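Below is the file start_19.pdb, which contains PDB, C-alpha atoms.
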MODEL        1
ATOM      1  CA  MET A   1      95.330  94.264 106.395
ATOM      2  CA  ARG A   2      94.413  97.226 104.179
ATOM      3  CA  THR A   3      93.766  96.409 100.535
ATOM      4  CA  GLY A   4      94.295  99.895  99.068
ATOM      5  CA  LEU A   5      97.512 101.111  97.497
ATOM      6  CA  ILE A   6      99.953 103.771  98.634
ATOM      7  CA  VAL A   7     101.487 105.792  95.795
ATOM      8  CA  VAL A   8     104.803 107.481  96.509
ATOM      9  CA  GLY A   9     104.858 110.713  94.547
ATOM     10  CA  ALA A  10     102.311 113.422  93.849
ATOM     11  CA  GLY A  11     103.435 115.115  90.630
ATOM     12  CA  GLY A  12     102.553 114.727  86.975
ATOM     13  CA  HIS A  13     103.960 111.219  86.680
ATOM     14  CA  ALA A  14     101.933 110.191  89.739
ATOM     15  CA  LYS A  15      98.756 111.483  88.081
ATOM     16  CA  VAL A  16      99.298 109.207  85.094
ATOM     17  CA  CYS A  17     100.211 106.219  87.262
ATOM     18  CA  ILE A  18      97.184 106.648  89.535
ATOM     19  CA  GLU A  19      94.830 106.662  86.561
ATOM     20  CA  LEU A  20      96.660 103.661  85.142
ATOM     21  CA  LEU A  21      96.289 101.769  88.445
ATOM     22  CA  ARG A  22      92.599 102.648  88.555
ATOM     23  CA  SER A  23      92.182 101.251  85.044
ATOM     24  CA  MET A  24      93.493  97.961  86.454
ATOM     25  CA  GLY A  25      90.816  98.003  89.163
ATOM     26  CA  GLU A  26      93.147  99.130  91.949
ATOM     27  CA  VAL A  27      92.131 101.647  94.632
ATOM     28  CA  VAL A  28      94.735 104.231  95.621
ATOM     29  CA  ASP A  29      94.082 105.377  99.192
ATOM     30  CA  TYR A  30      96.923 107.871  99.677
ATOM     31  CA  CYS A  31      99.812 109.543  97.941
ATOM     32  CA  VAL A  32     102.942 110.346  99.925
ATOM     33  CA  GLY A  33     104.689 113.475  98.688
ATOM     34  CA  ASP A  34     106.845 116.187 100.228
ATOM     35  CA  GLU A  35     106.272 119.586 101.810
ATOM     36  CA  ASN A  36     105.849 121.194  98.384
ATOM     37  CA  SER A  37     103.277 118.704  97.114
ATOM     38  CA  PRO A  38      99.625 119.625  96.527
ATOM     39  CA  THR A  39      97.056 118.380  99.028
ATOM     40  CA  SER A  40      95.363 116.228  96.390
ATOM     41  CA  CYS A  41      96.499 114.345  93.272
ATOM     42  CA  VAL A  42      93.706 113.404  90.829
ATOM     43  CA  GLY A  43      91.372 113.068  93.797
ATOM     44  CA  VAL A  44      93.760 111.180  96.096
ATOM     45  CA  THR A  45      94.720 112.727  99.433
ATOM     46  CA  VAL A  46      98.420 113.633  99.568
ATOM     47  CA  LEU A  47     100.354 113.216 102.802
ATOM     48  CA  ALA A  48     103.473 115.390 103.049
ATOM     49  CA  ASN A  49     106.809 113.745 103.954
ATOM     50  CA  ASP A  50     108.128 110.203 103.927
ATOM     51  CA  GLU A  51     107.521 109.655 107.646
ATOM     52  CA  ASN A  52     103.935 108.783 106.708
ATOM     53  CA  LEU A  53     105.161 105.632 104.987
ATOM     54  CA  ARG A  54     106.035 104.002 108.302
ATOM     55  CA  ARG A  55     102.746 105.092 109.901
ATOM     56  CA  LEU A  56     100.688 103.724 107.023
ATOM     57  CA  ARG A  57     102.608 100.459 107.152
ATOM     58  CA  ASP A  58     101.808 100.209 110.873
ATOM     59  CA  GLU A  59      98.149 100.795 110.035
ATOM     60  CA  GLY A  60      98.145  97.722 107.791
ATOM     61  CA  TYR A  61      98.981  98.989 104.318
ATOM     62  CA  SER A  62     101.268  96.540 102.555
ATOM     63  CA  ARG A  63     101.311  97.457  98.845
ATOM     64  CA  ALA A  64     102.900 100.488  97.209
ATOM     65  CA  PHE A  65     103.840 101.959  93.864
ATOM     66  CA  ILE A  66     106.708 104.424  93.332
ATOM     67  CA  ALA A  67     105.406 107.112  90.961
ATOM     68  CA  ILE A  68     108.521 109.271  90.632
ATOM     69  CA  GLY A  69     109.866 110.113  87.187
ATOM     70  CA  ALA A  70     113.501 110.718  88.193
ATOM     71  CA  ASN A  71     115.273 107.373  87.935
ATOM     72  CA  SER A  72     117.721 107.715  90.833
ATOM     73  CA  VAL A  73     115.058 109.084  93.194
ATOM     74  CA  ARG A  74     112.643 106.314  92.240
ATOM     75  CA  ALA A  75     115.296 103.690  92.958
ATOM     76  CA  ARG A  76     116.214 105.252  96.319
ATOM     77  CA  LEU A  77     112.626 105.551  97.511
ATOM     78  CA  ALA A  78     111.893 101.991  96.438
ATOM     79  CA  ASP A  79     114.671 100.787  98.736
ATOM     80  CA  VAL A  80     113.091 102.755 101.596
ATOM     81  CA  VAL A  81     109.615 101.414 100.906
ATOM     82  CA  VAL A  82     110.723  97.791 100.568
ATOM     83  CA  GLY A  83     112.791  98.192 103.736
ATOM     84  CA  LEU A  84     109.589  99.123 105.565
ATOM     85  CA  GLY A  85     107.974  95.899 104.423
ATOM     86  CA  TYR A  86     105.865  97.053 101.483
ATOM     87  CA  GLN A  87     105.364  94.961  98.358
ATOM     88  CA  LEU A  88     105.886  96.880  95.122
ATOM     89  CA  VAL A  89     103.107  96.379  92.582
ATOM     90  CA  ASN A  90     103.192  96.831  88.822
ATOM     91  CA  ALA A  91     101.140  99.396  86.932
ATOM     92  CA  ILE A  92     100.353  97.976  83.493
ATOM     93  CA  SER A  93      97.854  99.653  81.213
ATOM     94  CA  PRO A  94      95.122  97.420  79.806
ATOM     95  CA  ARG A  95      95.816  99.259  76.541
ATOM     96  CA  SER A  96      99.420  98.043  76.373
ATOM     97  CA  VAL A  97     100.561  94.815  74.715
ATOM     98  CA  VAL A  98     102.865  92.614  76.772
ATOM     99  CA  SER A  99     104.070  89.314  75.342
ATOM    100  CA  PRO A 100     103.321  86.255  77.484
ATOM    101  CA  THR A 101     107.018  85.398  77.263
ATOM    102  CA  ALA A 102     108.184  88.822  78.468
ATOM    103  CA  ARG A 103     109.490  89.017  82.038
ATOM    104  CA  LEU A 104     108.687  91.915  84.327
ATOM    105  CA  GLY A 105     110.190  92.901  87.649
ATOM    106  CA  SER A 106     108.280  94.672  90.424
ATOM    107  CA  GLY A 107     107.256  98.312  90.564
ATOM    108  CA  VAL A 108     107.222  98.489  86.761
ATOM    109  CA  ALA A 109     105.093 101.042  84.858
ATOM    110  CA  ILE A 110     103.924 100.186  81.348
ATOM    111  CA  MET A 111     101.797 102.938  79.853
ATOM    112  CA  ALA A 112      98.993 102.934  77.291
ATOM    113  CA  GLY A 113     100.059 101.997  73.778
ATOM    114  CA  ALA A 114     103.358 100.474  74.874
ATOM    115  CA  VAL A 115     104.408  97.161  73.314
ATOM    116  CA  ILE A 116     106.728  94.647  74.981
ATOM    117  CA  ASN A 117     107.604  91.810  72.617
ATOM    118  CA  ALA A 118     108.757  88.208  72.968
ATOM    119  CA  ASP A 119     111.396  87.269  75.583
ATOM    120  CA  ALA A 120     112.033  90.889  76.579
ATOM    121  CA  LEU A 121     113.028  91.648  80.168
ATOM    122  CA  VAL A 122     111.820  94.793  81.928
ATOM    123  CA  ASP A 123     113.561  94.927  85.285
ATOM    124  CA  SER A 124     112.108  96.330  88.507
ATOM    125  CA  LEU A 125     111.143 100.032  88.685
ATOM    126  CA  ALA A 126     111.544 100.546  84.941
ATOM    127  CA  ILE A 127     109.128 102.741  82.999
ATOM    128  CA  VAL A 128     108.023 101.972  79.455
ATOM    129  CA  ASN A 129     106.105 105.103  78.638
ATOM    130  CA  THR A 130     103.212 105.928  76.320
ATOM    131  CA  GLY A 131     103.489 104.389  72.864
ATOM    132  CA  ALA A 132     107.035 103.073  73.335
ATOM    133  CA  THR A 133     108.007  99.756  71.752
ATOM    134  CA  VAL A 134     110.456  97.245  73.209
ATOM    135  CA  ASP A 135     111.150  94.491  70.724
ATOM    136  CA  HIS A 136     112.135  90.861  71.202
ATOM    137  CA  ASP A 137     114.970  89.916  73.561
ATOM    138  CA  CYS A 138     115.560  93.455  74.818
ATOM    139  CA  ARG A 139     116.867  93.988  78.351
ATOM    140  CA  ILE A 140     115.671  97.080  80.214
ATOM    141  CA  GLY A 141     117.641  97.687  83.413
ATOM    142  CA  ARG A 142     116.434  98.498  86.906
ATOM    143  CA  ALA A 143     114.856 101.959  87.213
ATOM    144  CA  ALA A 144     115.478 102.790  83.553
ATOM    145  CA  HIS A 145     112.978 104.934  81.646
ATOM    146  CA  ILE A 146     111.971 104.441  78.025
ATOM    147  CA  ALA A 147     110.184 107.698  77.206
ATOM    148  CA  PRO A 148     107.041 108.121  75.054
ATOM    149  CA  GLN A 149     107.197 107.027  71.422
ATOM    150  CA  CYS A 150     110.648 105.443  71.650
ATOM    151  CA  GLY A 151     111.421 102.448  69.468
ATOM    152  CA  LEU A 152     113.891  99.789  70.594
ATOM    153  CA  ALA A 153     114.708  97.130  68.008
ATOM    154  CA  GLY A 154     115.519  93.538  68.915
ATOM    155  CA  ASN A 155     118.293  92.531  71.333
ATOM    156  CA  VAL A 156     118.840  96.033  72.718
ATOM    157  CA  THR A 157     120.163  96.403  76.260
ATOM    158  CA  VAL A 158     119.436  99.513  78.323
ATOM    159  CA  GLY A 159     121.415  99.787  81.556
ATOM    160  CA  ILE A 160     120.449 100.625  85.117
ATOM    161  CA  GLN A 161     118.825 104.052  85.603
ATOM    162  CA  SER A 162     119.353 105.067  81.983
ATOM    163  CA  PHE A 163     116.918 107.416  80.260
ATOM    164  CA  ILE A 164     115.984 107.083  76.588
ATOM    165  CA  GLY A 165     114.470 110.435  75.601
ATOM    166  CA  ILE A 166     111.153 110.947  73.855
ATOM    167  CA  GLY A 167     110.997 109.742  70.262
ATOM    168  CA  SER A 168     114.421 108.078  70.279
ATOM    169  CA  ARG A 169     115.304 105.030  68.185
ATOM    170  CA  VAL A 170     117.824 102.262  68.863
ATOM    171  CA  ILE A 171     118.930  99.796  66.173
ATOM    172  CA  PRO A 172     119.243  96.041  66.853
ATOM    173  CA  ASP A 173     121.934  94.536  69.102
ATOM    174  CA  VAL A 174     123.052  97.833  70.664
ATOM    175  CA  SER A 175     124.086  97.976  74.317
ATOM    176  CA  ILE A 176     123.435 101.191  76.252
ATOM    177  CA  GLY A 177     125.266 101.422  79.575
ATOM    178  CA  ASN A 178     124.188 102.433  83.058
ATOM    179  CA  ASN A 179     123.179 106.024  83.879
ATOM    180  CA  VAL A 180     123.094 107.037  80.229
ATOM    181  CA  THR A 181     120.861 109.800  78.852
ATOM    182  CA  VAL A 182     119.794 109.701  75.214
ATOM    183  CA  GLY A 183     118.433 113.085  74.178
ATOM    184  CA  ALA A 184     115.025 113.475  72.583
ATOM    185  CA  GLY A 185     114.871 112.145  69.040
ATOM    186  CA  GLY A 186     118.283 110.518  69.212
ATOM    187  CA  VAL A 187     119.121 107.585  66.959
ATOM    188  CA  VAL A 188     121.509 105.166  68.631
ATOM    189  CA  ILE A 189     123.513 103.023  66.191
ATOM    190  CA  THR A 190     126.538 102.081  68.337
ATOM    191  CA  ASP A 191     127.108 100.872  71.883
ATOM    192  CA  ILE A 192     127.112 103.598  74.568
ATOM    193  CA  ARG A 193     129.310 103.287  77.646
ATOM    194  CA  ASP A 194     128.195 104.148  81.195
ATOM    195  CA  ASP A 195     127.568 107.704  82.457
ATOM    196  CA  VAL A 196     127.330 109.444  79.090
ATOM    197  CA  VAL A 197     124.851 111.895  77.551
ATOM    198  CA  VAL A 198     124.312 111.365  73.812
ATOM    199  CA  VAL A 199     122.238 113.403  71.362
ATOM    200  CA  GLY A 200     121.567 113.642  67.653
ATOM    201  CA  VAL A 201     121.266 111.510  64.540
ATOM    202  CA  PRO A 202     123.305 109.454  64.904
ATOM    203  CA  ALA A 203     123.597 109.920  68.670
ATOM    204  CA  ARG A 204     127.014 111.138  69.837
ATOM    205  CA  PRO A 205     128.363 111.928  73.314
ATOM    206  CA  ILE A 206     128.260 115.551  74.443
ATOM    207  CA  ASN A 207     129.693 115.088  77.923
ATOM    208  CA  VAL A 208     130.628 112.573  80.586
ATOM    209  CA  LYS A 209     128.481 112.713  83.687
ATOM    210  CA  SER A 210     130.262 113.488  86.936
TER     211      SER A 210
ENDMDL
END
Entire entry expressed as structure tokens:
Amino acid sequence: MRTGLIVVGAGGHAKVCIELLRSMGEVVDYCVGDENSPTSCVGVTVLANDENLRRLRDEGYSRAFIAIGANSVRARLADVVVGLGYQLVNAISPRSVVSPTARLGSGVAIMAGAVINADALVDSLAIVNTGATVDHDCRIGRAAHIAPQCGLAGNVTVGIQSFIGIGSRVIPDVSIGNNVTVGAGGVVITDIRDDVVVVGVPARPINVKS
């Protein structure tokens, strides 16, 4: 059984995740990208196309991390990888603060400077990016992304595959639905239903996603 990791993705987000995994003492043996990917990603050999995932699994690799920024793509590729028999690992920066009572799924990325407070839940494949804060009793849905420098107050819910844009703020007890986008710098003070893009201070819908 191979002990190294396979990272799915070879772009900018993968660069950050690889360095984060290395800071945890992990060794990344290969990245799996696509035909347009570079041949190397921060010193890791990149293999083009997803067919390599099956070959590497046959060679004895069993652990993987999905380093794709787009929420829906990350979720889809995770299903493929798990279906091939890989275990998804977490990438958690030693420079983050995660409460001992917080609960984390698998394939989660928590970047440097992030804070996850008491009794928060960060579901599988979610990203809590650089300097973001997730306060007590928050619920972050599967494959959601809390962008850099966001601040979520207590008891906030963020739905599946939702994206909270850089520098956004959410007041306590607000529920944000599935597949929602909050634009950069938005301030969310009311509940947001599914499939909506909101922007501004306070954040207001600008369209309904198709």
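Between atom CA of A:Gly177 and atom CA of A:Thr157 lies a distance of 7.9 Å.
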Legend entry - Contacts of stretch 39-50 of chain A within 12 Å, only C-alpha atoms, excl. fewer than 2 positions in-chain, as a count of residues only: 41
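The shortest atom-to-atom distance to A:Leu88, with only C-alpha atoms taken into account, belongs to A:Ser124 out of A:Asn71, A:Asn155, A:Ser124, A:Asn117.
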Inset, instruction - For atom CA of A:Gly105 and atom CA of A:Arg142, determine how far apart the two atoms are, in Å to one decimal place. - result: 8.4 Å
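Using the PyMOL selection byres ((chain A and resi 179) around 8) on the file at hand returns these residues: Gly159, Ile160, Gln161, Ser162, Phe163, Gly177, Asn178, Val180, Thr181, Asp194, Asp195 and Val196 of chain A.
Once the PyMOL selection byres ((chain A and resi 202) around 9) is applied to this file, the selection holds Gly186, Val187, Val188, Ile189, Thr190, Val199, Gly200, Val201, Ala203 and Arg204 of chain A.
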Inset, instruction - Could you tell me which residues the PyMOL selection byres ((chain A and resi 149) around 7) grabs in this file, written as number ranges by chain? - result: A: 130-132, 147-148, 150-151, 166-167
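Taking atom CA of A:Arg103 and atom CA of A:Ala118 as endpoints, the distance between them is 9.1 Å.
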Legend entry - Among listed residues A:Ser72, A:Asn90, A:Asn129, A:Thr3, nearest A:Ala114 (using all atoms listed in the file): A:Asn129
Please put the answer as lines of an AutoDock Vina configuration file: centre and edge lengths, in Å with one decimal, of a box along x, y and z that encloses all listed atoms of stretch 110-119 of chain A plus 4 Å on each side.
center_x = 105.2
center_y = 95.1
center_z = 77.0
size_x = 20.4
size_y = 23.7
size_z = 16.7
Inset, instruction - Kindly indicate which residue among A:Gly154, A:Asp123, A:Ser96, A:Gly69 lies nearest to A:Ile140, using only C-alpha atoms for the distances. - result: A:Asp123
Inset, instruction - Around the point (108.4, 99.9, 90.2) in the file's coordinates, collect all residues with an atom within 6 Å, using all atoms listed in the file, and return them as JSON, numbers by chain. - result: {"A": [66, 106, 107, 108, 124, 125]}
